[in-house]
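Chemist: Sharing a structure, written as structure tokens. Questions coming.
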Amino acid sequence: MALKHFLSVADLTPQQVVDVLTLANDVKLNPGNYRKALDGQTLAMIFQKKSTRTRVSFEVGMYQLGGHALFLSAADIQIGRGETIADTARTISRYCNGIMARVFGHEIVEELAQHASIPVINGLSDLEHPCQTLCDAQTLTEKWSPAGTFDPSCLHGKKLVYVGDGNNMAHSLIDTAAALGMDITIVAPHGYWCDPAIVERGQRLGAKTGSIVGLTADPIEGVRGADCIYTDVWASMGQEEEAAKRLRDFAGFQVDEAMLARANPGCLFMHCLPAHRGEEVSAGVCDGPQSIIFDQAENRLHVQKAIMLTLMSKGA
Ligand code: CP
Ligand code: NVA
């Protein structure tokens with residue numbers, strides 16, 4: 001089934017996830033083959049929240065595919081003065097070939113998709129961050145495939161442990177791990193667990209793909225057997241006022257050298273960035289030899305080019 005929008009990894013079948021990762025790897029290895037692939041196309045990028053990686057990688061990605069990207073701060077377009085999401089989607093559809101949006105409520109990307117006649121990509125909502133976790137899967141596949149190959153089936157049976165807030169990152173990691181047959185454990189303090197509907201969705205899919213989706217509030221038990229430990233900020237964008245309380249509530253959940261030592265030997269460390277060293281991760285782990293955070297950041301570019309090619313190429 002052709003994909004119209006990309007709001008969630010759960011929009012894709014497991015085979016479509018593998019197809020996007022495979023294309024992302026080819027785009028990375030052979031960028032010259034895609035230089036005209038989106039010739040003359042324009043991506044509108046709507047931002048309600050700040051961004052470094054998403055903004056830069058989408059804009060550079062469109063340029064490298066022969067297209068153009070428009071940065072639209074939500075505060076500076078008419079949405080900021082109350083124009084409806086529906087009218088914004090209909091209007092932009094008359095000029096552009098795709099919309100990427102970073103928003104607060106997930107219903108905003110859903111509403112954009114409902115009213116746009118062009119593909120809509122979720123560049124992060126309060127609920128999900130699917131572009132990030134596809135690039136994370138690409139990065140782990142590169143690390144764990146046999147030398148000289150790129151084979152997402154290498155993720156089968158590996159254990160990813162996410163330590164921290166049960167937020168947008170945790171949700172999209174569940175969907176991604178479940179699609180790819182990788183085990184995932186979410187380690188979060190009580191009160192900060194994931195949306196139960198997303199956990200259930202992951203467990204249902206995992207039962208078919210061989211992925212075990214688990215939850216615990218015990219960081220010592222949770223990281224046992226981890227092949228990769230992942231974390232994210234304790235206070236996400238929009239939660240700044242809760243930052244002090246969260247700092248207290250997440251005590252004992254920092255990914256530090258002692259936690260990494262309890263995981264499997266060679267366990268990798270991942271973070272979507274931006275990172276707060278000394279809070280969710282120690283500086284030593286974040287910048288240490290097991291950290292692959294900038295490989296992740298780079299792969300945002302390649303995987304998003306693959307997503308745009310999948311949604312926006314003529315005949316897609
Ligand atoms: N990881 C990520 O989405 O980074 P930005 O907030 O800088 O886009
Ligand atoms: N959970 C973080 C992710 C940033 C990329 C946030 O939403 O702010």
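Residues in the structure tokens are named by chain (A, B, ... in the order shown) and by number from 1 within that chain; ligands are numbered from 1 in the order shown.
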Among range 83-237 of chain A, which ones does DSSP assign to helix (DSSP H, G or I) (computed from the backbone)? Answer as an MDAnalysis selection string.
Modeler: chainID A and resid 85:93 106:115 130:144 152:155 168:180 196:209 219:222
Chemist: When DSSP works through the backbone of this structure, what residues of range 199-279 of chain A end up as strand (DSSP E or B), shown as a ChimeraX atom specification?
Modeler: /A:213-216,228-231,255,268-271,277
Chemist: Would you list the contacts of Ser236 in chain A as a VMD selection string, taking every protein, DNA or RNA residue within 12 Å and counting only C-alpha atoms, but skipping same-chain residues closer than 2 positions in sequence?
Modeler: chain A and resid 49 to 50 104 124 to 129 164 to 169 232 to 234 238 to 243 246 272 to 276 280
Chemist: Convert the current residue selection to file output with C-alpha atoms, as a compact mmCIF listing (two decimals), in the first residue's frame.
Modeler:
# COMPACT_ATOMS: atom_id res chain seq x y z
CA LYS A 49 9.07 24.43 18.63
CA LYS A 50 12.80 24.97 18.38
CA PHE A 104 2.89 20.47 20.32
CA LEU A 124 8.17 15.74 16.29
CA SER A 125 4.95 16.04 18.24
CA ASP A 126 4.37 15.73 21.98
CA LEU A 127 3.41 12.10 21.30
CA GLU A 128 5.94 10.82 18.74
CA HIS A 129 9.26 11.54 16.99
CA GLY A 164 14.15 8.19 31.26
CA ASP A 165 10.86 9.91 30.56
CA GLY A 166 8.12 7.86 28.85
CA ASN A 167 7.84 10.59 26.21
CA ASN A 168 7.66 11.04 22.42
CA MET A 169 11.06 9.37 22.00
CA ASP A 232 16.52 11.73 26.33
CA VAL A 233 16.03 14.93 28.31
CA TRP A 234 13.89 14.71 31.45
CA GLY A 238 6.90 22.64 26.53
CA GLN A 239 7.66 21.15 29.99
CA GLU A 240 10.19 23.79 31.07
CA GLU A 241 8.14 24.74 34.14
CA GLU A 242 8.32 21.16 35.43
CA ALA A 243 12.10 20.98 35.05
CA ARG A 246 11.56 16.38 37.18
CA CYS A 272 18.44 11.92 20.19
CA LEU A 273 20.04 15.22 21.31
CA PRO A 274 20.06 17.92 22.55
CA ALA A 275 21.66 16.42 25.70
CA HIS A 276 21.95 17.81 29.21
CA GLU A 280 19.99 12.35 32.09
Chemist: I'd like the contact shell of Gly80 in chain A - 12 Å cut-off, only C-alpha atoms, skipping same-chain residues fewer than 5 positions apart - returned as a PyMOL selection string.
Modeler: chain A and resi 46-48+72-75+85+88
Chemist: Residues within 6 Å of ligand 1, counting only C-alpha atoms and all ligand atoms: report them as a list in words.
Modeler: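 The distance check yields Ser51, Thr52, Arg53, Thr54, Arg55, Cys272 and Leu273 of chain A.
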Chemist: Deliver the residues from the most recent selection as a file, using N, CA and C atoms, as a tab-separated table (two decimals), in the first residue's frame.
Modeler:
chain	number	residue	atom	x	y	z
A	51	SER	N	14.46	23.84	17.02
A	51	SER	CA	15.12	22.68	16.42
A	51	SER	C	16.48	23.07	15.87
A	52	THR	N	17.43	22.18	15.99
A	52	THR	CA	18.69	22.30	15.25
A	52	THR	C	18.75	21.21	14.18
A	53	ARG	N	18.75	19.93	14.63
A	53	ARG	CA	18.92	18.80	13.72
A	53	ARG	C	17.81	18.70	12.67
A	54	THR	N	16.56	18.77	13.12
A	54	THR	CA	15.45	18.55	12.20
A	54	THR	C	15.42	19.63	11.13
A	55	ARG	N	15.57	20.87	11.57
A	55	ARG	CA	15.52	21.99	10.62
A	55	ARG	C	16.65	21.89	9.60
A	272	CYS	N	18.95	11.21	21.38
A	272	CYS	CA	18.44	11.92	20.19
A	272	CYS	C	19.04	13.32	20.08
A	273	LEU	N	19.52	13.85	21.20
A	273	LEU	CA	20.04	15.22	21.31
A	273	LEU	C	18.90	16.23	21.11
Chemist: Excluding range 38-45 of chain A and its own-chain neighbours fewer than 3 positions away, which residues fall within 6 Å of it when counting only C-alpha atoms? Please give them as a PyMOL selection string.
Modeler: chain A and resi 65-72+96-101
Chemist: Could you write those residues out with N, CA and C atoms, as a tab-separated table (two decimals), in the first residue's frame?
Modeler:
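What ended up in result.tsv:
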chain	number	residue	atom	x	y	z
A	65	LEU	N	18.44	16.74	-2.83
A	65	LEU	CA	17.56	15.98	-3.74
A	65	LEU	C	17.09	16.84	-4.91
A	66	GLY	N	17.62	18.05	-5.01
A	66	GLY	CA	17.25	18.92	-6.13
A	66	GLY	C	16.07	19.82	-5.83
A	67	GLY	N	15.59	19.79	-4.61
A	67	GLY	CA	14.42	20.61	-4.25
A	67	GLY	C	14.81	21.76	-3.34
A	68	HIS	N	13.79	22.28	-2.66
A	68	HIS	CA	13.95	23.51	-1.90
A	68	HIS	C	13.10	23.37	-0.63
A	69	ALA	N	13.56	23.96	0.48
A	69	ALA	CA	12.77	23.90	1.72
A	69	ALA	C	12.51	25.31	2.23
A	70	LEU	N	11.31	25.50	2.77
A	70	LEU	CA	10.89	26.80	3.31
A	70	LEU	C	10.77	26.69	4.81
A	71	PHE	N	11.48	27.50	5.56
A	71	PHE	CA	11.34	27.50	7.03
A	71	PHE	C	10.20	28.43	7.42
A	72	LEU	N	9.20	27.90	8.10
A	72	LEU	CA	8.04	28.69	8.51
A	72	LEU	C	7.86	28.57	10.02
A	96	CYS	N	3.16	23.96	-2.52
A	96	CYS	CA	4.29	23.10	-2.15
A	96	CYS	C	4.00	21.64	-2.47
A	97	ASN	N	5.01	20.78	-2.28
A	97	ASN	CA	4.87	19.36	-2.60
A	97	ASN	C	4.89	18.48	-1.36
A	98	GLY	N	5.21	19.07	-0.20
A	98	GLY	CA	5.21	18.31	1.04
A	98	GLY	C	5.25	19.27	2.22
A	99	ILE	N	4.78	18.79	3.39
A	99	ILE	CA	4.83	19.59	4.62
A	99	ILE	C	5.54	18.76	5.67
A	100	MET	N	6.50	19.36	6.35
A	100	MET	CA	7.08	18.74	7.54
A	100	MET	C	6.71	19.67	8.69
A	101	ALA	N	6.16	19.12	9.77
A	101	ALA	CA	5.72	19.98	10.86
A	101	ALA	C	6.22	19.47	12.20
Chemist: Figure out the distance between CA of Thr185 in chain A and CA of Leu247 in chain A, please, to one decimal in Å.
Modeler: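 Spanning CA of Leu247 in chain A to CA of Thr185 in chain A is a straight-line distance of 21.7 Å.
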